[in-house]
$ cat protein-v3.txt   # compact mmCIF, C-alpha atoms
# COMPACT_ATOMS: atom_id res chain seq x y z
CA MET A 757 -7.37 -11.15 -6.40
CA ARG A 758 -6.25 -14.72 -5.80
CA LYS A 759 -4.07 -16.14 -3.04
CA VAL A 760 -0.28 -16.16 -3.48
CA PHE A 761 2.16 -18.60 -1.89
CA VAL A 762 5.92 -18.88 -1.40
CA VAL A 763 6.94 -22.31 -2.70
CA GLY A 764 10.72 -21.94 -2.96
CA VAL A 765 13.53 -20.03 -1.23
CA GLY A 766 17.23 -19.62 -1.94
CA LEU A 767 19.87 -17.67 -0.02
CA THR A 768 23.59 -17.03 -0.18
CA LYS A 769 25.67 -16.35 2.89
CA ILE A 770 26.19 -12.61 3.24
CA GLY A 771 29.83 -11.55 3.16
CA ARG A 772 32.64 -10.32 0.96
CA HIS A 773 32.18 -12.31 -2.23
CA PHE A 774 35.16 -11.06 -4.20
CA ASP A 775 35.09 -14.24 -6.30
CA LYS A 776 31.53 -13.66 -7.60
CA ASP A 777 29.92 -10.99 -9.72
CA LEU A 778 26.28 -9.87 -9.63
CA ARG A 779 25.23 -12.56 -12.07
CA SER A 780 26.83 -15.54 -10.37
CA LEU A 781 25.73 -14.43 -6.91
CA PHE A 782 22.13 -14.08 -8.07
CA ALA A 783 22.28 -17.40 -9.92
CA GLU A 784 23.40 -19.25 -6.80
CA ALA A 785 20.32 -18.14 -4.88
CA ALA A 786 17.89 -18.30 -7.82
CA LEU A 787 18.72 -21.84 -8.90
CA HIS A 788 18.44 -23.02 -5.31
CA ALA A 789 14.97 -21.46 -5.00
CA ILE A 790 13.81 -23.01 -8.26
CA ASP A 791 15.10 -26.40 -7.13
CA ASP A 792 13.35 -25.92 -3.78
CA ALA A 793 10.13 -25.32 -5.76
CA GLY A 794 10.45 -28.64 -7.57
CA GLY A 795 12.20 -27.26 -10.65
CA VAL A 796 9.23 -25.21 -11.84
CA LYS A 797 9.97 -22.66 -14.58
CA PRO A 798 9.09 -19.07 -13.60
CA GLN A 799 7.12 -17.03 -16.09
CA ALA A 800 8.55 -13.72 -14.88
CA VAL A 801 11.56 -12.45 -12.92
CA VAL A 802 11.44 -9.45 -10.57
CA VAL A 803 14.77 -8.22 -9.19
CA GLY A 804 15.21 -5.97 -6.17
CA ASN A 805 18.40 -3.92 -6.43
CA MET A 806 19.58 -0.44 -5.47
CA LEU A 807 23.19 0.02 -6.57
CA SER A 808 23.72 -1.69 -9.93
CA SER A 809 23.61 1.64 -11.77
CA SER A 810 25.74 3.70 -9.40
CA LEU A 811 28.39 1.09 -8.57
CA TYR A 812 28.41 -1.23 -11.59
CA GLN A 813 27.05 0.99 -14.39
CA GLN A 814 24.57 -1.80 -15.14
CA ASP A 815 20.93 -1.12 -15.90
CA ASN A 816 18.45 -3.54 -17.53
CA LEU A 817 19.29 -5.88 -14.65
CA GLY A 818 16.14 -7.99 -14.88
CA ALA A 819 16.79 -9.18 -18.43
CA LEU A 820 20.50 -9.63 -17.71
CA LEU A 821 19.90 -11.94 -14.76
CA ALA A 822 16.99 -13.83 -16.30
CA ASP A 823 19.14 -14.65 -19.31
CA TYR A 824 22.05 -15.75 -17.11
CA ILE A 825 19.95 -18.32 -15.24
CA GLY A 826 18.44 -19.79 -18.42
CA LEU A 827 15.18 -17.84 -18.50
CA ARG A 828 15.76 -15.84 -21.67
CA GLY A 829 12.42 -14.67 -23.03
CA VAL A 830 10.46 -14.33 -19.79
CA ALA A 831 9.24 -10.97 -18.48
CA ALA A 832 12.04 -9.50 -16.35
CA PHE A 833 12.67 -6.14 -14.69
CA LYS A 834 14.24 -4.40 -11.70
CA VAL A 835 12.46 -2.74 -8.77
CA GLU A 836 14.25 0.07 -6.92
CA ALA A 837 13.18 1.60 -3.63
CA ALA A 838 16.59 2.29 -2.07
CA CYS A 839 17.34 -0.11 0.82
CA GLY A 840 13.70 -1.21 0.67
CA SER A 841 14.01 -2.53 -2.90
CA GLY A 842 13.69 -6.18 -1.89
CA GLY A 843 10.42 -5.72 -0.03
CA PHE A 844 8.90 -3.75 -2.89
CA ALA A 845 10.07 -6.45 -5.31
CA VAL A 846 8.14 -9.02 -3.24
CA ALA A 847 5.06 -6.78 -3.34
CA THR A 848 5.45 -6.49 -7.12
CA GLY A 849 5.85 -10.23 -7.63
CA TYR A 850 2.86 -10.82 -5.37
CA SER A 851 0.73 -8.48 -7.50
CA LEU A 852 1.73 -10.26 -10.72
CA VAL A 853 0.46 -13.57 -9.35
CA ALA A 854 -2.54 -12.21 -7.41
CA SER A 855 -3.76 -10.37 -10.53
CA ARG A 856 -3.59 -13.62 -12.57
CA LEU A 857 -1.07 -12.12 -14.99
CA TYR A 858 1.34 -14.97 -14.19
CA ASP A 859 1.10 -18.20 -12.22
CA VAL A 860 4.76 -18.51 -11.18
CA VAL A 861 7.14 -15.60 -10.54
CA LEU A 862 10.75 -15.60 -9.35
CA VAL A 863 11.46 -12.66 -7.03
CA GLY A 864 15.09 -12.05 -6.19
CA GLY A 865 17.33 -9.46 -4.64
CA VAL A 866 21.04 -9.05 -5.18
CA GLU A 867 23.67 -6.52 -4.17
CA LYS A 868 27.44 -6.32 -4.56
CA MET A 869 28.90 -3.67 -2.28
CA CYS A 870 32.32 -4.93 -1.15
CA ASP A 871 34.23 -4.39 -4.39
CA TYR A 872 34.48 -0.66 -3.67
CA PRO A 873 35.96 1.43 -0.84
CA THR A 874 33.61 2.31 2.01
CA ALA A 875 33.54 6.00 1.01
CA THR A 876 32.37 5.10 -2.50
CA VAL A 877 29.63 2.81 -1.19
CA ALA A 878 28.54 5.41 1.39
CA ALA A 879 28.22 8.03 -1.35
CA ALA A 880 26.12 5.65 -3.46
CA LEU A 881 23.88 4.80 -0.51
CA ALA A 882 23.44 8.51 0.23
CA GLN A 883 21.57 8.86 -3.06
CA ALA A 884 18.56 7.48 -1.20
CA ALA A 885 18.44 10.77 0.75
CA ASP A 886 17.33 14.06 -0.81
CA ALA A 887 20.05 14.95 -3.31
CA GLU A 888 19.24 18.66 -3.41
CA TYR A 889 18.50 19.36 0.24
CA GLU A 890 20.61 16.80 2.15
CA VAL A 891 23.27 15.00 0.12
CA VAL A 892 24.70 18.17 -1.39
CA TYR A 893 25.57 19.34 2.13
CA GLY A 894 27.41 16.12 2.94
CA ALA A 895 24.67 14.37 4.89
CA SER A 896 25.14 10.62 5.21
CA PHE A 897 22.77 7.97 6.50
CA PRO A 898 24.69 7.48 9.75
CA ALA A 899 24.41 11.24 10.34
CA LEU A 900 20.70 11.41 9.52
CA ASN A 901 19.90 8.41 11.70
CA ALA A 902 22.06 9.85 14.48
CA LEU A 903 19.80 12.90 14.57
CA ALA A 904 16.77 10.65 15.02
CA MET A 905 18.49 8.52 17.67
CA LYS A 906 19.61 11.52 19.70
CA LEU A 907 16.15 13.08 19.53
CA TYR A 908 14.56 9.77 20.58
CA MET A 909 16.84 9.38 23.58
CA GLU A 910 16.34 12.96 24.74
CA THR A 911 12.57 12.99 24.13
CA TYR A 912 11.80 9.72 25.91
CA GLY A 913 14.57 9.63 28.50
CA VAL A 914 16.23 6.53 27.04
CA SER A 915 19.80 5.80 28.13
CA ARG A 916 22.67 4.86 25.83
CA GLU A 917 22.90 1.53 27.65
CA GLU A 918 19.23 0.76 26.93
CA MET A 919 19.71 1.46 23.23
CA ALA A 920 22.79 -0.79 23.14
CA GLU A 921 20.84 -3.88 24.17
CA TRP A 922 19.47 -4.31 20.63
CA PRO A 923 22.77 -4.89 18.78
CA VAL A 924 23.97 -7.23 21.53
CA ARG A 925 20.91 -9.42 20.97
CA MET A 926 21.26 -9.27 17.17
CA HIS A 927 24.82 -10.58 17.35
CA GLU A 928 23.74 -13.39 19.67
CA TYR A 929 21.18 -14.54 17.11
CA ALA A 930 23.47 -14.06 14.11
CA SER A 931 26.17 -16.16 15.74
CA GLN A 932 23.86 -19.15 15.16
CA ASN A 933 22.76 -18.24 11.61
CA PRO A 934 24.93 -19.84 8.90
CA TYR A 935 23.81 -17.19 6.37
CA ALA A 936 24.84 -14.26 8.59
CA GLN A 937 27.76 -11.95 7.93
CA LEU A 938 28.77 -11.11 11.52
CA ARG A 939 28.71 -14.45 13.31
CA PHE A 940 30.19 -13.37 16.63
CA ARG A 941 28.82 -12.25 19.98
CA ILE A 942 29.37 -8.81 21.50
CA THR A 943 28.79 -7.23 24.90
CA LEU A 944 27.10 -4.03 26.01
CA GLU A 945 30.53 -2.57 26.71
CA ASP A 946 31.65 -3.44 23.17
CA VAL A 947 28.79 -1.35 21.74
CA LEU A 948 29.44 1.62 24.01
CA LYS A 949 33.20 1.64 23.39
CA ALA A 950 33.06 0.97 19.64
CA PRO A 951 34.36 3.70 17.31
CA MET A 952 31.94 6.59 17.00
CA VAL A 953 30.37 6.85 13.55
CA ALA A 954 27.97 9.75 14.13
CA GLU A 955 27.23 10.57 17.77
CA PRO A 956 25.48 8.73 19.42
CA ILE A 957 25.72 5.95 16.80
CA THR A 958 28.78 3.72 17.11
CA LEU A 959 30.12 1.19 14.66
CA LEU A 960 28.24 -1.60 16.46
CA ASP A 961 24.91 0.24 16.09
CA SER A 962 25.32 0.00 12.32
CA ALA A 963 24.69 -2.72 9.75
CA PRO A 964 27.80 -3.84 7.84
CA ILE A 965 28.49 -3.50 4.13
CA GLY A 966 28.10 -6.89 2.45
CA ASP A 967 27.35 -8.86 -0.71
CA GLY A 968 24.42 -11.23 -0.93
CA ALA A 969 21.50 -12.61 -2.92
CA ALA A 970 18.16 -14.04 -1.88
CA THR A 971 15.30 -15.37 -4.00
CA LEU A 972 11.72 -16.61 -3.70
CA VAL A 973 9.44 -18.53 -6.03
CA LEU A 974 5.87 -17.25 -5.77
CA ALA A 975 2.94 -19.20 -7.15
CA SER A 976 -0.83 -19.25 -7.32
CA GLU A 977 -2.68 -21.56 -4.92
CA GLU A 978 -3.44 -24.10 -7.64
CA VAL A 979 0.21 -24.36 -8.62
CA ALA A 980 1.49 -24.16 -5.04
CA ARG A 981 -0.51 -27.19 -3.91
CA LYS A 982 1.16 -29.24 -6.63
CA LEU A 983 4.68 -27.99 -5.92
CA SER A 984 4.97 -27.97 -2.15
CA ASP A 985 3.73 -29.78 0.93
CA THR A 986 4.45 -26.67 3.01
CA PRO A 987 3.43 -23.60 0.97
CA VAL A 988 3.43 -20.36 2.93
CA GLU A 989 0.76 -17.81 2.06
CA ILE A 990 1.50 -14.13 1.56
CA ALA A 991 -1.57 -13.08 3.54
CA GLY A 992 -1.17 -9.31 3.39
CA VAL A 993 0.93 -6.65 1.67
CA GLY A 994 1.17 -2.98 2.59
CA MET A 995 3.31 -0.09 1.36
CA GLY A 996 3.79 3.49 2.50
CA SER A 997 6.04 6.50 2.07
CA ASP A 998 7.16 9.67 3.80
CA SER A 999 9.22 12.69 2.75
CA VAL A 1000 12.67 11.65 1.56
CA ASP A 1001 14.26 14.62 3.32
CA THR A 1002 14.04 14.55 7.11
CA THR A 1003 13.65 18.31 7.58
CA THR A 1004 10.05 18.45 6.36
CA ARG A 1005 8.81 15.43 8.31
CA PHE A 1006 5.64 16.02 10.31
CA ASP A 1007 7.36 14.22 13.19
CA LEU A 1008 10.80 12.62 12.96
CA LEU A 1009 9.87 10.10 15.66
CA ASP A 1010 6.61 9.03 14.03
CA PRO A 1011 7.55 6.53 11.27
CA LEU A 1012 4.64 7.43 9.01
CA SER A 1013 5.61 5.10 6.15
CA VAL A 1014 5.89 2.14 8.54
CA ARG A 1015 2.62 2.89 10.26
CA LEU A 1016 0.65 3.26 7.02
CA ALA A 1017 2.20 0.20 5.38
CA ALA A 1018 1.49 -1.86 8.49
CA GLU A 1019 -2.13 -0.72 8.71
CA GLU A 1020 -2.66 -1.71 5.08
CA ALA A 1021 -1.02 -5.11 5.49
CA TYR A 1022 -2.91 -5.89 8.71
CA ARG A 1023 -6.19 -4.99 7.04
CA ARG A 1024 -5.55 -7.18 4.03
CA ALA A 1025 -4.38 -10.12 6.13
CA LYS A 1026 -7.25 -9.60 8.59
CA VAL A 1027 -4.89 -9.64 11.58
CA GLU A 1028 -3.73 -7.25 14.29
CA PRO A 1029 -0.29 -6.67 15.83
CA LYS A 1030 -1.18 -9.04 18.70
CA ASP A 1031 -1.61 -11.87 16.16
CA ILE A 1032 1.97 -11.68 14.87
CA ASP A 1033 4.24 -14.40 16.25
CA LEU A 1034 7.46 -13.54 14.44
CA VAL A 1035 8.82 -10.36 12.89
CA GLU A 1036 11.87 -9.28 10.90
CA VAL A 1037 12.26 -5.50 11.12
CA HIS A 1038 14.59 -3.18 9.25
CA ASP A 1039 17.39 -2.30 11.69
CA ALA A 1040 20.10 -0.81 9.49
CA PHE A 1041 20.82 1.25 12.61
CA THR A 1042 19.63 0.58 16.15
CA ILE A 1043 17.24 3.52 16.01
CA THR A 1044 15.68 2.24 12.77
CA GLY A 1045 14.77 -1.04 14.42
CA ILE A 1046 13.35 0.68 17.50
CA LEU A 1047 11.19 3.09 15.50
CA SER A 1048 10.04 0.24 13.26
CA LEU A 1049 8.81 -1.80 16.25
CA GLU A 1050 6.75 1.19 17.32
CA GLY A 1051 5.46 1.98 13.83
CA LEU A 1052 4.32 -1.62 13.43
CA GLY A 1053 2.24 -1.33 16.59
CA PHE A 1054 4.27 -3.65 18.82
CA ALA A 1055 5.10 -0.88 21.28
CA LYS A 1056 3.78 2.57 22.14
CA ARG A 1057 5.80 5.61 21.09
CA GLY A 1058 8.96 5.96 23.13
CA GLU A 1059 8.66 2.53 24.77
CA ALA A 1060 10.32 0.06 22.37
CA ALA A 1061 13.92 0.66 23.46
CA LYS A 1062 13.05 0.27 27.14
CA LEU A 1063 11.03 -2.86 26.40
CA VAL A 1064 13.96 -4.38 24.51
CA ALA A 1065 16.26 -3.61 27.46
CA GLU A 1066 13.77 -5.41 29.72
CA GLY A 1067 13.84 -8.51 27.48
CA ALA A 1068 10.82 -7.95 25.22
CA PHE A 1069 10.76 -9.20 21.61
CA ALA A 1070 13.32 -11.89 22.44
CA LYS A 1071 13.07 -15.62 21.80
CA GLY A 1072 10.01 -16.85 23.72
CA ASP A 1073 8.18 -13.49 23.68
CA LYS A 1074 5.50 -12.39 21.19
CA PRO A 1075 6.41 -11.31 18.68
CA GLU A 1076 9.92 -12.72 18.50
CA ALA A 1077 11.98 -10.17 16.60
CA ASN A 1078 14.88 -10.61 14.19
CA LEU A 1079 15.90 -14.16 15.08
CA SER A 1080 18.08 -14.00 11.94
CA GLY A 1081 20.30 -11.38 13.57
CA GLY A 1082 18.64 -8.60 11.60
CA LEU A 1083 20.34 -6.23 9.23
CA LYS A 1084 22.64 -5.37 12.11
CA ALA A 1085 24.40 -8.75 12.20
CA ARG A 1086 22.86 -11.04 9.56
CA GLY A 1087 23.89 -8.33 7.13
CA HIS A 1088 22.35 -5.78 4.80
CA PRO A 1089 23.08 -6.25 1.08
CA VAL A 1090 20.61 -3.46 0.53
CA GLY A 1091 18.52 -4.48 -2.49
CA ALA A 1092 18.35 -8.08 -1.29
CA THR A 1093 17.49 -7.43 2.36
CA GLY A 1094 13.72 -7.52 1.99
CA ILE A 1095 13.96 -10.87 0.19
CA TYR A 1096 16.14 -12.28 2.97
CA GLN A 1097 13.50 -11.25 5.50
CA VAL A 1098 10.61 -12.92 3.66
CA ALA A 1099 12.71 -16.03 3.00
CA GLU A 1100 13.66 -16.25 6.68
CA ILE A 1101 10.06 -15.89 7.84
CA THR A 1102 9.04 -18.55 5.30
CA MET A 1103 11.71 -20.94 6.56
CA GLN A 1104 10.65 -20.31 10.15
CA LEU A 1105 7.00 -21.05 9.31
CA ARG A 1106 8.10 -24.25 7.59
CA GLY A 1107 10.24 -25.20 10.60
CA GLU A 1108 13.38 -25.21 8.41
CA PHE A 1109 15.34 -22.13 9.52
CA PRO A 1110 18.92 -23.24 10.33
CA GLY A 1111 19.55 -20.65 13.06
CA VAL A 1112 17.56 -19.67 16.16
CA LYS A 1113 14.14 -21.21 15.65
CA ALA A 1114 10.90 -19.42 16.44
CA SER A 1115 8.45 -20.84 18.97
CA SER A 1116 5.82 -22.60 16.78
CA PRO A 1117 4.92 -19.50 14.69
CA GLU A 1118 1.72 -19.31 12.65
CA VAL A 1119 1.95 -15.72 11.39
CA GLY A 1120 5.08 -13.74 10.53
CA LEU A 1121 5.79 -10.21 9.32
CA ALA A 1122 8.67 -8.76 7.29
CA GLN A 1123 9.22 -5.00 7.21
CA THR A 1124 11.86 -3.24 5.16
CA THR A 1125 12.43 0.39 4.33
CA GLY A 1126 14.36 2.72 2.06
CA GLY A 1127 16.00 5.96 3.16
CA VAL A 1128 15.34 7.17 6.69
CA LEU A 1129 12.06 5.24 6.89
CA ALA A 1130 10.91 7.00 3.71
CA SER A 1131 9.68 4.01 1.64
CA THR A 1132 8.36 1.00 3.55
CA SER A 1133 6.84 -2.34 2.68
CA VAL A 1134 5.23 -4.78 5.09
CA ILE A 1135 4.67 -8.40 4.08
CA ILE A 1136 2.58 -10.70 6.30
CA LEU A 1137 2.98 -14.44 5.86
CA ARG A 1138 0.84 -17.27 7.21
CA ARG A 1139 1.51 -20.98 7.55
$ encode --input "protein-v3.txt" --output "structure tokens"
Amino acid sequence: MRKVFVVGVGLTKIGRHFDKDLRSLFAEAALHAIDDAGGVKPQAVVVGNMLSSSLYQQDNLGALLADYIGLRGVAAFKVEAACGSGGFAVATGYSLVASRLYDVVLVGGVEKMCDYPTATVAAALAQAADAEYEVVYGASFPALNALAMKLYMETYGVSREEMAEWPVRMHEYASQNPYAQLRFRITLEDVLKAPMVAEPITLLDSAPIGDGAATLVLASEEVARKLSDTPVEIAGVGMGSDSVDTTTRFDLLDPLSVRLAAEEAYRRAKVEPKDIDLVEVHDAFTITGILSLEGLGFAKRGEAAKLVAEGAFAKGDKPEANLSGGLKARGHPVGATGIYQVAEITMQLRGEFPGVKASSPEVGLAQTTGGVLASTSVIILRR
């Protein structure tokens, strides 16, 4: 296995892009990433996407998008792992370069969600739950995450006010991120008084529906040294899974997929949680972010929410968490989210992130998941 580096990044602002289709949105990010990598031509294209089939009746997405950006003929395919598709696409692109199959790979994620009513999008997203044992009974992701959040609060004696500190912080960070969807600040009272989605989850505990695309150019070390003065190494990759349905979990408050993916990534990167300076965690709902912090080893079980309320994981702490604003406020165009996270960590390590800047980071971690923490990838990056 050889070393793999990120040599180019490209992002679109997340929002309601009614004037762009899947192709043009992806092209905007992809061409920017290729330009950022010195105009190098990728030998393969890997696309992270969840909803092209269910919302747009479009399969064969890899070839479609490769052709659209002028790469007809290269290897191209889609990776799907629900909301974790982007992270798994990065892991796939990494493996193509690390294995010496290709020297340069474009990894992108794209999602168009705003062209349809919320109910239609919610039904499509619900397909990441167990169709036979959960979805058929009307279970939605807000409802399933609400069960976990309520159990967490009752088990560990965490107040609603303590849980609400997370989205307040995410909006503060997102207000300074030009790529973010929700660029406004909120208060603790705003979270508590927001419309109830699934008790105890309110609207402001939840990531918004949005359109967006993010891309990376990955390259071997030999190529990377020629293309970039600031290549960022993908130092470790880990992946894990859990039951898709929540009813058969060994422990709903033990994020098994996160823990196993993290252990694998730490081992491969030869680091420990204490070595991570910067992290982007998957916080589609407040409880998802809290459980992810614990599964990654940054807090003991039942302590993450209280630590956040006390100021931990903020700018100036270690690790600094979700300086982008996270899924909660940066936005969550599901299949692209994992790519956004890796791109943001890369930009932070380069010193180029346009929002809240990390405090001289050397090592960063991106964690994204599909379902209720059912399919997780962890990507560790090093300057």
$ residues_around --input "protein-v3.txt" --residues "segment 1067-1074 of chain A" --least-positions-apart "2" --cutoff "7 Å" --atoms "all atoms listed in the file" --output "PyMOL selection string"
chain A and resi 1033+1063-1065+1076-1077+1114-1115
$ closest_residue --input "protein-v3.txt" --among "A:Met952, A:Leu983, A:Thr1132, A:Leu1052" --to "Ala837 of chain A" --atoms "only C-alpha atoms"
A:Thr1132
$ closest_residue --input "protein-v3.txt" --among "A:Arg758, A:Lys906, A:Lys1113, A:Lys769" --to "Leu1079 of chain A" --atoms "only C-alpha atoms"
A:Lys1113
$ residues_around --input "protein-v3.txt" --residues "Arg941 of chain A" --least-positions-apart "2" --cutoff "10 Å" --atoms "all atoms listed in the file" --output "VMD selection string"
chain A and resid 923 to 932 938 to 939 943 946 1085
$ closest_residue --input "protein-v3.txt" --among "A:Leu974, A:Ala854, A:Leu948, A:Ala1055" --to "Gln799 of chain A" --atoms "all atoms listed in the file"
A:Leu974
$ atom_distance --input "protein-v3.txt" --atom1 "atom CA of Ile770 of chain A" --atom2 "atom CA of Val973 of chain A"
20.0 Å
$ axis_aligned_box --input "protein-v3.txt" --around "segment 783-787 of chain A" --padding-each-side "3 Å" --output "JSON"
{"center_x": 20.6, "center_y": -19.6, "center_z": -7.4, "size_x": 11.5, "size_y": 10.4, "size_z": 11.0}
$ decode --input "protein-v3.txt" --residues "segment 1074-1096 of chain A" --atoms "N, CA and C atoms" --output "CSV table (one decimal), in the first residue's frame"
chain,number,residue,atom,x,y,z
A,1074,LYS,N,-9.1,20.9,22.3
A,1074,LYS,CA,-8.5,19.8,21.5
A,1074,LYS,C,-9.3,18.5,21.8
A,1075,PRO,N,-10.0,18.0,20.7
A,1075,PRO,CA,-10.0,18.5,19.4
A,1075,PRO,C,-11.0,19.6,19.2
A,1076,GLU,N,-10.8,20.5,18.3
A,1076,GLU,CA,-11.8,21.5,17.9
A,1076,GLU,C,-12.8,20.8,17.0
A,1077,ALA,N,-14.1,20.9,17.2
A,1077,ALA,CA,-15.1,20.1,16.5
A,1077,ALA,C,-16.0,20.9,15.7
A,1078,ASN,N,-16.2,20.5,14.4
A,1078,ASN,CA,-17.1,21.0,13.5
A,1078,ASN,C,-17.1,22.6,13.3
A,1079,LEU,N,-15.9,23.1,13.1
A,1079,LEU,CA,-15.7,24.5,12.8
A,1079,LEU,C,-16.4,25.0,11.6
A,1080,SER,N,-16.8,24.0,10.7
A,1080,SER,CA,-17.6,24.3,9.5
A,1080,SER,C,-19.0,24.7,9.8
A,1081,GLY,N,-19.5,24.3,11.0
A,1081,GLY,CA,-20.9,24.5,11.3
A,1081,GLY,C,-21.6,23.1,11.3
A,1082,GLY,N,-20.9,22.1,10.9
A,1082,GLY,CA,-21.4,20.7,10.9
A,1082,GLY,C,-22.6,20.5,10.0
A,1083,LEU,N,-23.1,19.3,9.9
A,1083,LEU,CA,-24.3,19.1,9.1
A,1083,LEU,C,-25.4,19.9,9.6
A,1084,LYS,N,-25.5,20.2,10.9
A,1084,LYS,CA,-26.5,21.0,11.5
A,1084,LYS,C,-26.7,22.3,10.8
A,1085,ALA,N,-25.6,23.1,10.5
A,1085,ALA,CA,-25.8,24.4,10.0
A,1085,ALA,C,-25.0,24.6,8.7
A,1086,ARG,N,-23.9,24.0,8.5
A,1086,ARG,CA,-23.2,24.0,7.2
A,1086,ARG,C,-24.1,23.4,6.2
A,1087,GLY,N,-24.8,22.4,6.6
A,1087,GLY,CA,-25.8,21.7,5.7
A,1087,GLY,C,-25.4,20.2,5.5
A,1088,HIS,N,-26.4,19.5,4.9
A,1088,HIS,CA,-26.2,18.1,4.8
A,1088,HIS,C,-26.8,17.5,3.5
A,1089,PRO,N,-26.2,17.9,2.3
A,1089,PRO,CA,-26.6,17.2,1.1
A,1089,PRO,C,-26.1,15.8,1.1
A,1090,VAL,N,-26.9,14.9,1.5
A,1090,VAL,CA,-26.4,13.6,2.1
A,1090,VAL,C,-25.3,12.9,1.5
A,1091,GLY,N,-25.3,12.6,0.2
A,1091,GLY,CA,-24.3,11.9,-0.5
A,1091,GLY,C,-23.0,12.7,-0.6
A,1092,ALA,N,-23.0,14.0,-0.4
A,1092,ALA,CA,-21.8,14.8,-0.6
A,1092,ALA,C,-21.2,15.2,0.8
A,1093,THR,N,-21.9,14.9,1.9
A,1093,THR,CA,-21.5,15.4,3.2
A,1093,THR,C,-20.1,14.9,3.6
A,1094,GLY,N,-19.8,13.6,3.4
A,1094,GLY,CA,-18.5,13.1,3.7
A,1094,GLY,C,-17.4,13.8,3.0
A,1095,ILE,N,-17.6,14.2,1.7
A,1095,ILE,CA,-16.6,14.9,0.9
A,1095,ILE,C,-16.4,16.3,1.4
A,1096,TYR,N,-17.5,16.9,1.8
A,1096,TYR,CA,-17.4,18.3,2.4
A,1096,TYR,C,-16.5,18.2,3.6
